[in-house]
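K.L.:
This is my_file-v2.csv (CSV, C-alpha atoms).
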chain,number,residue,atom,x,y,z
K,27,VAL,CA,28.1,23.4,-20.4
K,28,LYS,CA,30.3,24.3,-23.4
K,29,GLY,CA,31.0,20.6,-24.0
K,30,ILE,CA,27.3,19.8,-24.0
K,31,ASN,CA,26.4,22.7,-26.3
K,32,MET,CA,29.1,21.4,-28.7
K,33,PHE,CA,27.0,18.3,-29.0
K,34,GLY,CA,23.9,20.3,-29.9
K,35,LEU,CA,22.0,19.5,-26.6
K,36,SER,CA,19.3,21.7,-25.1
K,37,TYR,CA,16.3,21.4,-22.9
K,38,ARG,CA,14.5,19.6,-25.8
K,39,PHE,CA,16.1,16.3,-24.8
K,40,LEU,CA,13.3,16.2,-22.2
K,41,LYS,CA,10.8,15.7,-25.0
K,42,PRO,CA,12.0,12.1,-25.9
K,43,TRP,CA,12.5,11.4,-22.2
K,44,ARG,CA,8.9,12.5,-21.5
K,45,ARG,CA,7.6,10.4,-24.4
K,46,ASN,CA,9.2,7.3,-22.9
K,47,ILE,CA,8.0,7.9,-19.4
K,48,VAL,CA,4.4,8.4,-20.6
K,49,THR,CA,4.6,5.1,-22.5
K,50,PHE,CA,6.1,3.4,-19.3
K,51,VAL,CA,3.3,4.7,-17.1
K,52,LYS,CA,0.6,3.4,-19.5
K,53,THR,CA,1.9,-0.2,-18.8
K,54,TRP,CA,2.8,0.4,-15.2
K,55,LYS,CA,1.3,-2.8,-13.9
K,56,LEU,CA,3.5,-4.9,-16.2
K,57,ASN,CA,6.6,-2.8,-15.5
K,58,PHE,CA,6.3,-2.7,-11.7
K,59,VAL,CA,6.0,-6.4,-11.2
K,60,PRO,CA,9.6,-7.5,-12.0
K,61,PRO,CA,11.4,-5.2,-9.7
K,62,PHE,CA,9.0,-6.1,-6.9
K,63,LEU,CA,9.2,-9.9,-7.3
K,64,GLU,CA,12.8,-10.2,-8.2
K,65,PRO,CA,14.3,-9.3,-4.7
K,66,VAL,CA,11.7,-11.5,-3.1
K,67,LEU,CA,12.6,-14.6,-5.1
K,68,PHE,CA,16.4,-14.0,-4.8
K,69,LEU,CA,16.3,-13.4,-1.1
K,70,LEU,CA,14.1,-16.4,-0.4
K,71,ALA,CA,16.2,-18.7,-2.7
K,72,LEU,CA,19.7,-17.4,-2.1
K,73,GLY,CA,19.6,-15.0,0.9
K,74,PHE,CA,17.7,-17.3,3.2
K,75,GLY,CA,17.9,-20.6,1.3
K,76,LEU,CA,21.5,-20.9,0.4
K,77,GLY,CA,22.3,-18.4,3.1
K,78,GLY,CA,21.2,-21.1,5.6
K,79,PHE,CA,24.5,-22.9,4.8
K,80,ILE,CA,26.6,-19.8,5.0
K,81,GLU,CA,27.2,-18.3,8.5
K,82,SER,CA,28.3,-14.9,7.2
K,83,VAL,CA,30.4,-13.1,4.6
K,84,ASP,CA,33.0,-10.8,6.1
K,85,GLY,CA,30.9,-10.7,9.2
K,86,VAL,CA,27.7,-9.9,7.4
K,87,PRO,CA,24.7,-12.2,7.2
K,88,TYR,CA,24.5,-13.6,3.6
K,89,ALA,CA,21.1,-12.1,2.9
K,90,LYS,CA,22.4,-8.6,3.9
K,91,PHE,CA,25.5,-9.3,1.7
K,92,ILE,CA,23.6,-9.9,-1.5
K,93,ALA,CA,20.8,-7.3,-1.0
K,94,PRO,CA,22.8,-4.4,-2.4
K,95,ALA,CA,23.9,-6.7,-5.3
K,96,LEU,CA,20.3,-7.3,-6.2
K,97,VAL,CA,19.6,-3.6,-6.4
K,98,SER,CA,22.8,-3.1,-8.5
K,99,ILE,CA,21.9,-5.9,-10.9
K,100,SER,CA,18.4,-4.5,-11.3
K,101,VAL,CA,19.9,-1.0,-12.0
K,102,MET,CA,22.1,-2.6,-14.6
K,103,ASN,CA,19.5,-4.6,-16.4
K,104,ALA,CA,16.8,-1.9,-16.4
K,105,SER,CA,18.9,0.7,-18.2
K,106,PHE,CA,21.0,-1.7,-20.3
K,107,PHE,CA,18.2,-3.6,-21.9
K,108,GLU,CA,16.1,-0.5,-22.3
K,109,CYS,CA,18.9,1.2,-24.3
K,110,THR,CA,19.7,-1.9,-26.3
K,111,TYR,CA,16.7,-3.9,-27.4
K,112,THR,CA,14.0,-1.3,-26.7
K,113,SER,CA,16.0,1.6,-28.2
K,114,PHE,CA,16.8,-0.6,-31.2
K,115,VAL,CA,13.1,-1.3,-31.8
K,116,ARG,CA,12.3,2.4,-31.5
K,117,MET,CA,15.2,3.3,-33.9
K,118,TYR,CA,15.0,0.5,-36.5
K,119,TYR,CA,11.5,-0.9,-36.5
K,120,LEU,CA,9.1,1.8,-35.2
K,121,LYS,CA,11.2,4.6,-36.8
K,122,THR,CA,10.4,6.7,-33.6
K,123,PHE,CA,13.8,8.4,-33.8
K,124,ASP,CA,13.2,9.4,-37.4
K,125,ALA,CA,9.9,10.9,-36.5
K,126,MET,CA,11.4,12.9,-33.6
K,127,ILE,CA,14.3,14.1,-35.7
K,128,SER,CA,11.9,15.5,-38.2
K,129,THR,CA,10.8,18.0,-35.6
K,130,PRO,CA,13.1,20.8,-34.1
K,131,ILE,CA,14.6,18.1,-31.8
K,132,SER,CA,18.1,17.2,-32.8
K,133,ILE,CA,19.6,13.7,-33.1
K,134,GLU,CA,21.8,14.5,-30.1
K,135,GLU,CA,18.7,15.4,-28.0
K,136,VAL,CA,16.9,12.3,-29.0
K,137,ILE,CA,19.7,10.1,-27.9
K,138,ALA,CA,20.3,12.1,-24.7
K,139,GLY,CA,16.6,11.7,-23.9
K,140,GLU,CA,17.0,7.9,-24.4
K,141,LEU,CA,20.0,7.8,-22.1
K,142,PHE,CA,18.3,9.8,-19.3
K,143,TRP,CA,15.2,7.7,-19.7
K,144,GLY,CA,17.3,4.6,-19.2
K,145,ALA,CA,18.8,6.1,-16.0
K,146,THR,CA,15.3,7.1,-14.9
K,147,ARG,CA,14.0,3.5,-15.4
K,148,SER,CA,16.9,2.3,-13.2
K,149,THR,CA,15.9,4.8,-10.5
K,150,ILE,CA,12.3,3.6,-10.6
K,151,TYR,CA,13.3,0.0,-10.2
K,152,ALA,CA,15.6,0.8,-7.3
K,153,THR,CA,12.8,2.8,-5.6
K,154,ILE,CA,10.4,-0.2,-6.0
K,155,MET,CA,13.0,-2.6,-4.6
K,156,LEU,CA,14.0,-0.7,-1.5
K,157,PRO,CA,10.7,-1.2,0.4
K,158,VAL,CA,10.9,-4.9,-0.3
K,159,LEU,CA,14.5,-5.0,1.1
K,160,LEU,CA,13.4,-3.0,4.1
K,161,ALA,CA,10.5,-5.4,4.8
K,162,PHE,CA,13.1,-8.3,4.8
K,163,GLY,CA,15.3,-6.3,7.2
K,164,VAL,CA,18.4,-6.6,5.0
K,165,VAL,CA,19.3,-2.9,4.6
K,166,GLN,CA,20.3,-0.2,6.9
K,167,MET,CA,18.3,3.1,7.2
K,168,PRO,CA,18.6,6.0,6.6
K,169,SER,CA,21.8,5.5,4.5
K,170,SER,CA,20.0,3.1,2.2
K,171,LEU,CA,17.9,5.9,0.9
K,172,LEU,CA,20.9,7.1,-1.0
K,173,ILE,CA,20.5,4.1,-3.2
K,174,ILE,CA,17.8,5.9,-5.1
K,175,PRO,CA,19.7,8.9,-6.4
K,176,PHE,CA,22.8,6.7,-6.9
K,177,ALA,CA,20.6,4.4,-9.1
K,178,PHE,CA,20.3,7.3,-11.5
K,179,VAL,CA,24.1,7.6,-11.7
K,180,GLY,CA,24.7,3.9,-12.2
K,181,GLY,CA,21.7,3.6,-14.6
K,182,LEU,CA,23.1,6.5,-16.8
K,183,LEU,CA,26.4,4.7,-17.1
K,184,PHE,CA,24.9,1.5,-18.2
K,185,ALA,CA,22.5,3.4,-20.6
K,186,CYS,CA,25.5,5.0,-22.2
K,187,ILE,CA,27.4,1.8,-22.6
K,188,ALA,CA,24.2,0.1,-24.0
K,189,MET,CA,23.7,2.8,-26.5
K,190,CYS,CA,27.2,2.3,-27.9
K,191,PHE,CA,26.3,-1.4,-28.6
K,192,THR,CA,23.0,-0.3,-30.1
K,193,ALA,CA,24.8,2.1,-32.5
K,194,LEU,CA,27.2,-0.6,-33.6
K,195,SER,CA,24.8,-3.6,-33.9
K,196,PRO,CA,23.7,-4.2,-37.5
K,197,THR,CA,20.7,-6.3,-36.3
K,198,ILE,CA,18.7,-6.8,-33.1
K,199,ASP,CA,20.0,-10.4,-32.9
K,200,THR,CA,23.6,-9.3,-32.5
K,201,LEU,CA,22.7,-7.5,-29.3
K,202,SER,CA,22.8,-11.0,-27.7
K,203,TYR,CA,26.6,-10.8,-27.9
K,204,PRO,CA,27.1,-7.9,-25.4
K,205,ASN,CA,24.4,-9.6,-23.2
K,206,PHE,CA,26.4,-12.8,-23.1
K,207,LEU,CA,30.0,-11.4,-23.2
K,208,PHE,CA,29.5,-8.3,-21.1
K,209,ILE,CA,26.4,-8.5,-18.8
K,210,THR,CA,26.8,-12.2,-17.8
K,211,PRO,CA,30.4,-11.9,-16.7
K,212,MET,CA,29.5,-8.8,-14.6
K,213,PHE,CA,26.6,-10.7,-13.1
K,214,LEU,CA,29.0,-13.3,-11.9
K,215,PHE,CA,32.3,-11.6,-11.2
K,216,SER,CA,31.5,-8.2,-9.7
K,217,GLY,CA,31.3,-9.1,-6.1
K,218,THR,CA,27.6,-9.8,-6.3
K,219,PHE,CA,27.1,-13.2,-4.7
K,220,PHE,CA,30.6,-13.6,-3.2
K,221,PRO,CA,33.4,-11.2,-2.4
K,222,LEU,CA,35.8,-10.2,-5.1
K,223,ALA,CA,38.6,-11.1,-2.6
K,224,VAL,CA,38.1,-14.8,-3.1
K,225,LEU,CA,38.9,-14.6,-6.8
K,226,PRO,CA,42.4,-14.8,-8.2
K,227,GLU,CA,44.2,-11.5,-8.0
K,228,ALA,CA,44.3,-11.0,-11.8
K,229,ILE,CA,40.5,-11.4,-12.1
K,230,GLN,CA,40.1,-8.9,-9.2
K,231,TYR,CA,42.1,-6.3,-11.2
K,232,ILE,CA,40.1,-7.0,-14.3
K,233,ALA,CA,36.8,-6.6,-12.5
K,234,LEU,CA,37.8,-3.3,-10.9
K,235,SER,CA,39.3,-2.0,-14.2
K,236,ILE,CA,36.6,-2.8,-16.7
K,237,LEU,CA,33.4,-4.0,-15.0
K,238,PRO,CA,31.1,-1.1,-14.0
K,239,LEU,CA,28.9,-3.3,-11.9
K,240,ALA,CA,31.8,-4.0,-9.5
K,241,HIS,CA,32.0,-0.4,-8.5
K,242,ILE,CA,28.3,0.0,-8.3
K,243,VAL,CA,28.0,-3.0,-6.0
K,244,ILE,CA,30.8,-1.6,-3.8
K,245,ILE,CA,29.0,1.7,-3.3
K,246,ASN,CA,25.6,0.2,-2.8
K,247,ARG,CA,26.9,-2.3,-0.3
K,248,ALA,CA,28.4,0.5,1.7
K,249,LEU,CA,25.1,2.4,1.6
K,250,THR,CA,23.0,-0.6,2.7
K,251,LEU,CA,25.4,-1.6,5.5
K,252,GLY,CA,26.2,2.0,6.6
K,253,VAL,CA,29.9,1.3,6.5
K,254,TYR,CA,32.1,3.8,4.6
K,255,SER,CA,35.7,4.1,3.6
K,256,ILE,CA,37.9,6.4,1.5
K,257,SER,CA,38.1,3.6,-1.2
K,258,LEU,CA,34.5,4.4,-2.1
K,259,LEU,CA,35.7,7.7,-3.6
K,260,THR,CA,37.8,5.7,-6.1
K,261,SER,CA,34.7,3.8,-7.2
K,262,LEU,CA,32.6,6.9,-7.5
K,263,LEU,CA,35.3,8.7,-9.6
K,264,TRP,CA,35.6,5.7,-11.8
K,265,ILE,CA,31.8,5.7,-12.4
K,266,LEU,CA,31.7,9.4,-13.1
K,267,ALA,CA,34.7,9.3,-15.5
K,268,ALA,CA,33.3,6.3,-17.4
K,269,THR,CA,29.8,7.9,-17.6
K,270,THR,CA,31.2,11.1,-19.1
K,271,VAL,CA,33.3,9.3,-21.7
K,272,PHE,CA,30.5,6.9,-22.8
K,273,PHE,CA,27.9,9.6,-22.8
K,274,PHE,CA,29.6,11.6,-25.6
K,275,VAL,CA,30.9,8.4,-27.4
K,276,SER,CA,27.3,7.0,-27.5
K,277,ILE,CA,25.9,10.2,-28.9
K,278,LYS,CA,28.6,10.4,-31.5
K,279,LEU,CA,28.2,6.7,-32.6
K,280,MET,CA,24.4,7.0,-32.8
K,281,LYS,CA,24.7,10.2,-34.8
K,282,ARG,CA,26.9,8.4,-37.3
K,283,ARG,CA,24.4,5.5,-37.3
K,284,LEU,CA,21.3,7.7,-38.0
K,285,ILE,CA,22.8,10.0,-40.6
K,286,VAL,CA,22.7,8.3,-43.9
Spit out the file's structure as structure tokens when you get a sec.

P.N.:
Amino acid sequence: VKGINMFGLSYRFLKPWRRNIVTFVKTWKLNFVPPFLEPVLFLLALGFGLGGFIESVDGVPYAKFIAPALVSISVMNASFFECTYTSFVRMYYLKTFDAMISTPISIEEVIAGELFWGATRSTIYATIMLPVLLAFGVVQMPSSLLIIPFAFVGGLLFACIAMCFTALSPTIDTLSYPNFLFITPMFLFSGTFFPLAVLPEAIQYIALSILPLAHIVIINRALTLGVYSISLLTSLLWILAATTVFFFVSIKLMKRRLIV
């Protein structure tokens, strides 16, 4: 609590969060379609299409293997792109941040509201995807229900990382660099569509050291399969530590960006 107060945060961070969720609900039809159709398309094309040529992965049918990865990717994309492109538009073009800062809401509270909204959006997407995955029979119940609260944790991590990029990007066009150099490698090398174990050992270490998606996939895969091990604690601690660091770093960088 002392650390949070040091950054000037109070309950008022819920005001920007509420503003964003109200805007989201107004366009709910547009926002709810992608997380509903995305798992359907991926499961049909890869899980059951390509999966027809793959007997199993580590004893798991291929469709069940990629199902948790689809949720993890959606969690990543929902919060990351919300807190890069969308936050940049609110900050730079719409001047929404300036308007909120002119009220009793502080800069820190505005940014915290953005971060928690990014995590909330990830949670909404995971909640929409779960019934689709259940309909395809590729997730285990009831352990898969834990994907929903965990989506908030993973979404907050990606929101914090995204906000750092937003704070450092001089223009909206430069946000394409973290998309290409950070998001794309994670999409491919985080144990999403094939096990990390098949990669060279050096790349495995890199993935587990610096790619957040790898740890989120590990935990979501355990939840959907109902198979747990002590190694999950390592991934969870990595996520919590990284989230804590990037939360405060993102607020500090955005404060420096907004104070002129």

K.L.:
Check the smallest atom-to-atom distance from each of K:Ala161, K:Leu72, K:Met126, K:Met189 to Phe107 of chain K using all atoms listed in the file, then report the winner.

P.N.:
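Smallest separation from Phe107 of chain K among the options: K:Met189.
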
K.L.:
Could you tell me how far atom CA of Leu249 of chain K sits from atom CA of Gln166 of chain K, in Å to one decimal place?

P.N.:
7.6 Å

K.L.:
Which residue is closest to Leu259 of chain K? Choose from K:Ile245, K:Leu183, K:Met102, K:Pro42 and count all atoms listed in the file.

P.N.:
K:Ile245

K.L.:
From the list K:Phe123, K:Phe208, K:Trp143, K:Phe162, which residue is nearest Asn46 of chain K when using all atoms listed in the file?

P.N.:
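Of K:Phe123, K:Phe208, K:Trp143, K:Phe162, the one nearest Asn46 of chain K, counting all atoms listed in the file, is K:Trp143.
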
K.L.:
Given all atoms listed in the file as the basis, pick out the residue of K:Ser113, K:Ser216, K:Thr197, K:Ser235 nearest to Thr260 of chain K.

P.N.:
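The closest residue to Thr260 of chain K is K:Ser235.
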
K.L.:
Within 9 Å of (32.6, -3.3, -15.9), in the coordinates the file gives, what residues turn up when you count only C-alpha atoms, written out as a VMD selection string?

P.N.:
chain K and resid 208 to 209 211 to 212 216 232 to 241

K.L.:
Select, from K:Phe220, K:Tyr151, K:Trp264, K:Phe273, the residue with the minimum atom-to-atom distance to Ala188 of chain K, counting all atoms listed in the file.

P.N.:
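Looking at the shortest contact to Ala188 of chain K, the residue is K:Phe273.
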
K.L.:
Will you model N, CA and C atoms for segment 167-187 of chain K and pass it back as a PDB file, in the coordinates of the input?

P.N.:
ATOM      1  N   MET K 167      18.921   1.731   7.454  1.00  0.00           N
ATOM      2  CA  MET K 167      18.300   3.100   7.200  1.00  0.00           C
ATOM      3  C   MET K 167      19.035   4.053   8.182  1.00  0.00           C
ATOM      4  N   PRO K 168      19.144   5.334   7.796  1.00  0.00           N
ATOM      5  CA  PRO K 168      18.600   6.000   6.600  1.00  0.00           C
ATOM      6  C   PRO K 168      19.562   5.971   5.407  1.00  0.00           C
ATOM      7  N   SER K 169      20.785   5.420   5.577  1.00  0.00           N
ATOM      8  CA  SER K 169      21.800   5.500   4.500  1.00  0.00           C
ATOM      9  C   SER K 169      21.335   4.828   3.227  1.00  0.00           C
ATOM     10  N   SER K 170      20.480   3.804   3.362  1.00  0.00           N
ATOM     11  CA  SER K 170      20.000   3.100   2.200  1.00  0.00           C
ATOM     12  C   SER K 170      19.172   3.940   1.249  1.00  0.00           C
ATOM     13  N   LEU K 171      18.633   5.032   1.758  1.00  0.00           N
ATOM     14  CA  LEU K 171      17.900   5.900   0.900  1.00  0.00           C
ATOM     15  C   LEU K 171      18.713   6.529  -0.208  1.00  0.00           C
ATOM     16  N   LEU K 172      20.017   6.591   0.016  1.00  0.00           N
ATOM     17  CA  LEU K 172      20.900   7.100  -1.000  1.00  0.00           C
ATOM     18  C   LEU K 172      21.035   6.210  -2.204  1.00  0.00           C
ATOM     19  N   ILE K 173      20.560   4.977  -2.068  1.00  0.00           N
ATOM     20  CA  ILE K 173      20.500   4.100  -3.200  1.00  0.00           C
ATOM     21  C   ILE K 173      19.731   4.641  -4.356  1.00  0.00           C
ATOM     22  N   ILE K 174      18.666   5.360  -4.030  1.00  0.00           N
ATOM     23  CA  ILE K 174      17.800   5.900  -5.100  1.00  0.00           C
ATOM     24  C   ILE K 174      18.439   6.888  -5.975  1.00  0.00           C
ATOM     25  N   PRO K 175      19.021   7.980  -5.438  1.00  0.00           N
ATOM     26  CA  PRO K 175      19.700   8.900  -6.400  1.00  0.00           C
ATOM     27  C   PRO K 175      20.935   8.261  -7.021  1.00  0.00           C
ATOM     28  N   PHE K 176      21.612   7.356  -6.304  1.00  0.00           N
ATOM     29  CA  PHE K 176      22.800   6.700  -6.900  1.00  0.00           C
ATOM     30  C   PHE K 176      22.366   5.781  -8.043  1.00  0.00           C
ATOM     31  N   ALA K 177      21.144   5.250  -7.993  1.00  0.00           N
ATOM     32  CA  ALA K 177      20.600   4.400  -9.100  1.00  0.00           C
ATOM     33  C   ALA K 177      20.607   5.158 -10.395  1.00  0.00           C
ATOM     34  N   PHE K 178      20.314   6.453 -10.318  1.00  0.00           N
ATOM     35  CA  PHE K 178      20.300   7.300 -11.500  1.00  0.00           C
ATOM     36  C   PHE K 178      21.687   7.357 -12.134  1.00  0.00           C
ATOM     37  N   VAL K 179      22.681   7.546 -11.282  1.00  0.00           N
ATOM     38  CA  VAL K 179      24.100   7.600 -11.700  1.00  0.00           C
ATOM     39  C   VAL K 179      24.511   6.333 -12.384  1.00  0.00           C
ATOM     40  N   GLY K 180      24.280   5.224 -11.675  1.00  0.00           N
ATOM     41  CA  GLY K 180      24.700   3.900 -12.200  1.00  0.00           C
ATOM     42  C   GLY K 180      23.866   3.578 -13.469  1.00  0.00           C
ATOM     43  N   GLY K 181      22.574   3.914 -13.460  1.00  0.00           N
ATOM     44  CA  GLY K 181      21.700   3.600 -14.600  1.00  0.00           C
ATOM     45  C   GLY K 181      22.187   4.417 -15.843  1.00  0.00           C
ATOM     46  N   LEU K 182      22.628   5.658 -15.646  1.00  0.00           N
ATOM     47  CA  LEU K 182      23.100   6.500 -16.800  1.00  0.00           C
ATOM     48  C   LEU K 182      24.356   5.858 -17.379  1.00  0.00           C
ATOM     49  N   LEU K 183      25.235   5.337 -16.544  1.00  0.00           N
ATOM     50  CA  LEU K 183      26.400   4.700 -17.100  1.00  0.00           C
ATOM     51  C   LEU K 183      26.091   3.507 -17.944  1.00  0.00           C
ATOM     52  N   PHE K 184      25.222   2.627 -17.460  1.00  0.00           N
ATOM     53  CA  PHE K 184      24.900   1.500 -18.200  1.00  0.00           C
ATOM     54  C   PHE K 184      24.046   1.831 -19.481  1.00  0.00           C
ATOM     55  N   ALA K 185      23.262   2.886 -19.392  1.00  0.00           N
ATOM     56  CA  ALA K 185      22.500   3.400 -20.600  1.00  0.00           C
ATOM     57  C   ALA K 185      23.467   3.819 -21.650  1.00  0.00           C
ATOM     58  N   CYS K 186      24.506   4.551 -21.270  1.00  0.00           N
ATOM     59  CA  CYS K 186      25.500   5.000 -22.200  1.00  0.00           C
ATOM     60  C   CYS K 186      26.243   3.895 -22.901  1.00  0.00           C
ATOM     61  N   ILE K 187      26.657   2.921 -22.098  1.00  0.00           N
ATOM     62  CA  ILE K 187      27.400   1.800 -22.600  1.00  0.00           C
ATOM     63  C   ILE K 187      26.431   0.994 -23.587  1.00  0.00           C
TER      64      ILE K 187
END
